[in-house]
$ cat final.cif   # mmCIF, C-alpha atoms and all ligand atoms; chains and numbers go by the auth columns
data_my_file
#
loop_
_atom_site.group_PDB
_atom_site.id
_atom_site.type_symbol
_atom_site.label_atom_id
_atom_site.label_comp_id
_atom_site.label_asym_id
_atom_site.label_seq_id
_atom_site.Cartn_x
_atom_site.Cartn_y
_atom_site.Cartn_z
_atom_site.B_iso_or_equiv
_atom_site.auth_seq_id
_atom_site.auth_asym_id
ATOM 1 C CA MET A 1 91.865 96.588 130.073 0.00 123 U
ATOM 2 C CA ALA A 2 94.267 98.345 127.758 0.00 124 U
ATOM 3 C CA MET A 3 92.426 99.422 124.692 0.00 125 U
ATOM 4 C CA PRO A 4 94.644 100.363 121.791 0.00 126 U
ATOM 5 C CA LYS A 5 94.150 103.878 120.585 0.00 127 U
ATOM 6 C CA THR A 6 95.148 102.894 117.120 0.00 128 U
ATOM 7 C CA VAL A 7 94.088 100.141 114.805 0.00 129 U
ATOM 8 C CA LYS A 8 95.990 98.687 111.926 0.00 130 U
ATOM 9 C CA CYS A 9 94.231 99.591 108.739 0.00 131 U
ATOM 10 C CA PRO A 10 93.300 96.397 106.859 0.00 132 U
ATOM 11 C CA ARG A 11 93.712 98.288 103.639 0.00 133 U
ATOM 12 C CA CYS A 12 97.113 99.928 103.837 0.00 134 U
ATOM 13 C CA GLY A 13 98.494 98.476 107.065 0.00 135 U
ATOM 14 C CA GLN A 14 99.097 101.838 108.650 0.00 136 U
ATOM 15 C CA ASP A 15 98.052 102.665 112.152 0.00 137 U
ATOM 16 C CA GLY A 16 94.857 104.610 112.153 0.00 138 U
ATOM 17 C CA GLU A 17 92.988 106.237 114.964 0.00 139 U
ATOM 18 C CA TRP A 18 90.344 104.131 116.567 0.00 140 U
ATOM 19 C CA THR A 19 88.703 106.515 118.976 0.00 141 U
ATOM 20 C CA GLY A 20 86.452 108.925 117.179 0.00 142 U
ATOM 21 C CA ASN A 21 87.426 107.531 113.821 0.00 143 U
ATOM 22 C CA PRO A 22 84.328 107.172 111.641 0.00 144 U
ATOM 23 C CA PHE A 23 86.304 105.207 109.087 0.00 145 U
ATOM 24 C CA ARG A 24 87.519 102.465 111.404 0.00 146 U
ATOM 25 C CA PRO A 25 88.808 99.915 111.099 0.00 147 U
ATOM 26 C CA PHE A 26 90.369 101.838 108.278 0.00 148 U
ATOM 27 C CA CYS A 27 92.806 104.662 108.855 0.00 149 U
ATOM 28 C CA SER A 28 91.063 107.121 106.631 0.00 150 U
ATOM 29 C CA GLU A 29 88.141 107.714 104.350 0.00 151 U
ATOM 30 C CA ARG A 30 90.341 106.948 101.385 0.00 152 U
ATOM 31 C CA CYS A 31 91.056 103.437 102.604 0.00 153 U
ATOM 32 C CA LYS A 32 87.456 102.843 103.555 0.00 154 U
ATOM 33 C CA MET A 33 86.173 103.933 100.188 0.00 155 U
ATOM 34 C CA ALA A 34 88.831 101.923 98.408 0.00 156 U
ATOM 35 C CA ASP A 35 87.799 98.828 100.310 0.00 157 U
ATOM 36 C CA LEU A 36 84.119 99.441 99.801 0.00 158 U
ATOM 37 C CA GLY A 37 84.737 100.172 96.158 0.00 159 U
ATOM 38 C CA GLY A 38 86.460 96.848 95.711 0.00 160 U
ATOM 39 C CA TRP A 39 83.669 95.110 97.538 0.00 161 U
ATOM 40 C CA PHE A 40 81.012 96.782 95.466 0.00 162 U
ATOM 41 C CA SER A 41 82.733 96.094 92.170 0.00 163 U
ATOM 42 C CA GLU A 42 83.064 92.466 93.180 0.00 164 U
ATOM 43 C CA GLU A 43 79.419 92.361 94.183 0.00 165 U
ATOM 44 C CA TYR A 44 78.431 94.058 90.958 0.00 166 U
ATOM 45 C CA ARG A 45 80.353 91.490 88.963 0.00 167 U
ATOM 46 C CA ILE A 46 78.599 88.658 90.717 0.00 168 U
ATOM 47 C CA ALA A 47 75.245 90.367 90.457 0.00 169 U
ATOM 48 C CA SER A 48 75.636 91.003 86.751 0.00 170 U
ATOM 49 C CA ASP A 49 76.743 87.432 86.272 0.00 171 U
ATOM 50 C CA THR A 50 73.699 86.011 87.966 0.00 172 U
ATOM 51 C CA LYS A 51 71.141 88.530 87.001 0.00 173 U
ATOM 52 C CA PRO A 52 67.779 87.719 88.512 0.00 174 U
ATOM 53 C CA VAL A 53 64.889 87.409 86.134 0.00 175 U
ATOM 54 C CA GLU A 54 62.697 90.417 86.324 0.00 176 U
ATOM 55 C CA GLU A 55 59.128 89.568 86.946 0.00 177 U
ATOM 56 C CA ASP A 56 56.880 91.197 84.470 0.00 178 U
ATOM 57 C CA GLU A 57 53.579 91.754 86.145 0.00 179 U
ATOM 58 C CA ASP A 58 52.424 94.212 83.600 0.00 180 U
ATOM 59 C CA GLU A 59 49.772 92.081 82.015 0.00 181 U
HETATM 60 ZN ZN ZN B . 94.648 102.868 105.495 0.00 1 P
#
$ encode --input "final.cif" --output "structure tokens"
Amino acid sequence: MAMPKTVKCPRCGQDGEWTGNPFRPFCSERCKMADLGGWFSEEYRIASDTKPVEEDEDE
């Protein structure tokens, strides 16, 4: 089986290292953080839009 030693970064499209790369499938920490950041901001938007009612058990 021929395993590729590089993986195409889904963020920037560049070839990033796969073996020993803690940021895979991204090429670098920058791309990983950028992707996570976008995901989190999207999640935050949804979360703030449908804010769950806080249960007040202080009675
Ligand atoms: Zn990248």
$ resolve_selection --input "final.cif" --expression "the PyMOL selection byres (((not hetatm)) within 8 of (chain P and resi 1))" --output "MDAnalysis selection string"
chainID U and resid 130:138 148:150 152:154
$ write_last_selection --input "final.cif" --atoms "C-alpha atoms" --output "JSON list (two decimals), in the frame of the given file"
[["chain", "number", "residue", "atom", "x", "y", "z"],
["U", 130, "LYS", "CA", 95.99, 98.69, 111.93],
["U", 131, "CYS", "CA", 94.23, 99.59, 108.74],
["U", 132, "PRO", "CA", 93.30, 96.40, 106.86],
["U", 133, "ARG", "CA", 93.71, 98.29, 103.64],
["U", 134, "CYS", "CA", 97.11, 99.93, 103.84],
["U", 135, "GLY", "CA", 98.49, 98.48, 107.06],
["U", 136, "GLN", "CA", 99.10, 101.84, 108.65],
["U", 137, "ASP", "CA", 98.05, 102.66, 112.15],
["U", 138, "GLY", "CA", 94.86, 104.61, 112.15],
["U", 148, "PHE", "CA", 90.37, 101.84, 108.28],
["U", 149, "CYS", "CA", 92.81, 104.66, 108.86],
["U", 150, "SER", "CA", 91.06, 107.12, 106.63],
["U", 152, "ARG", "CA", 90.34, 106.95, 101.38],
["U", 153, "CYS", "CA", 91.06, 103.44, 102.60],
["U", 154, "LYS", "CA", 87.46, 102.84, 103.56]]
$ atom_distance --input "final.cif" --atom1 "CA of Asn143 in chain U" --atom2 "CA of Gly159 in chain U"
19.3 Å
$ atom_distance --input "final.cif" --atom1 "CA of Met155 in chain U" --atom2 "CA of Gly142 in chain U"
17.7 Å
$ atom_distance --input "final.cif" --atom1 "CA of Arg146 in chain U" --atom2 "CA of Ala124 in chain U"
18.2 Å
$ axis_aligned_box --input "final.cif" --around "range 132-146 of chain U" --padding-each-side "8 Å" --output "AutoDock Vina command-line options"
--center_x 91.7 --center_y 102.7 --center_z 111.3 --size_x 30.8 --size_y 28.5 --size_z 31.3
$ residues_around --input "final.cif" --residues "Lys127 in chain U" --least-positions-apart "2" --cutoff "7 Å" --atoms "all atoms listed in the file" --output "PyMOL selection string"
chain U and resi 125+129+139-141
$ decode --input "final.cif" --residues "range 130-146 of chain U" --atoms "N, CA and C atoms" --output "compact mmCIF listing (two decimals), in the first residue's frame"
# COMPACT_ATOMS: atom_id res chain seq x y z
N LYS U 130 -3.29 17.02 1.06
CA LYS U 130 -3.68 18.35 0.59
C LYS U 130 -4.49 19.05 1.68
N CYS U 131 -4.00 20.18 2.06
CA CYS U 131 -4.66 20.94 3.12
C CYS U 131 -6.04 21.40 2.64
N PRO U 132 -7.09 21.06 3.39
CA PRO U 132 -8.44 21.47 2.99
C PRO U 132 -8.66 22.96 3.12
N ARG U 133 -7.74 23.61 3.76
CA ARG U 133 -7.88 25.04 4.00
C ARG U 133 -7.26 25.87 2.89
N CYS U 134 -6.00 25.57 2.59
CA CYS U 134 -5.29 26.39 1.61
C CYS U 134 -4.94 25.62 0.34
N GLY U 135 -5.13 24.29 0.38
CA GLY U 135 -4.89 23.50 -0.82
C GLY U 135 -3.44 23.13 -1.03
N GLN U 136 -2.58 23.53 -0.14
CA GLN U 136 -1.18 23.18 -0.28
C GLN U 136 -0.94 21.79 0.29
N ASP U 137 0.16 21.20 -0.18
CA ASP U 137 0.52 19.90 0.34
C ASP U 137 1.18 20.05 1.70
N GLY U 138 0.60 19.37 2.67
CA GLY U 138 1.19 19.42 3.99
C GLY U 138 1.67 18.05 4.39
N GLU U 139 2.54 18.01 5.33
CA GLU U 139 3.06 16.72 5.80
C GLU U 139 1.96 15.97 6.52
N TRP U 140 1.97 14.66 6.32
CA TRP U 140 0.98 13.85 6.99
C TRP U 140 1.61 13.15 8.19
N THR U 141 2.77 12.53 7.92
CA THR U 141 3.43 11.80 8.98
C THR U 141 4.01 12.75 10.02
N GLY U 142 3.58 12.56 11.25
CA GLY U 142 4.12 13.38 12.32
C GLY U 142 3.58 14.79 12.32
N ASN U 143 2.54 15.01 11.55
CA ASN U 143 1.96 16.35 11.51
C ASN U 143 0.77 16.42 12.46
N PRO U 144 0.91 17.15 13.54
CA PRO U 144 -0.17 17.24 14.53
C PRO U 144 -1.34 18.08 14.04
N PHE U 145 -1.15 18.75 12.92
CA PHE U 145 -2.20 19.65 12.44
C PHE U 145 -2.97 19.05 11.28
N ARG U 146 -2.64 17.80 10.92
CA ARG U 146 -3.32 17.18 9.79
C ARG U 146 -4.81 17.10 10.06
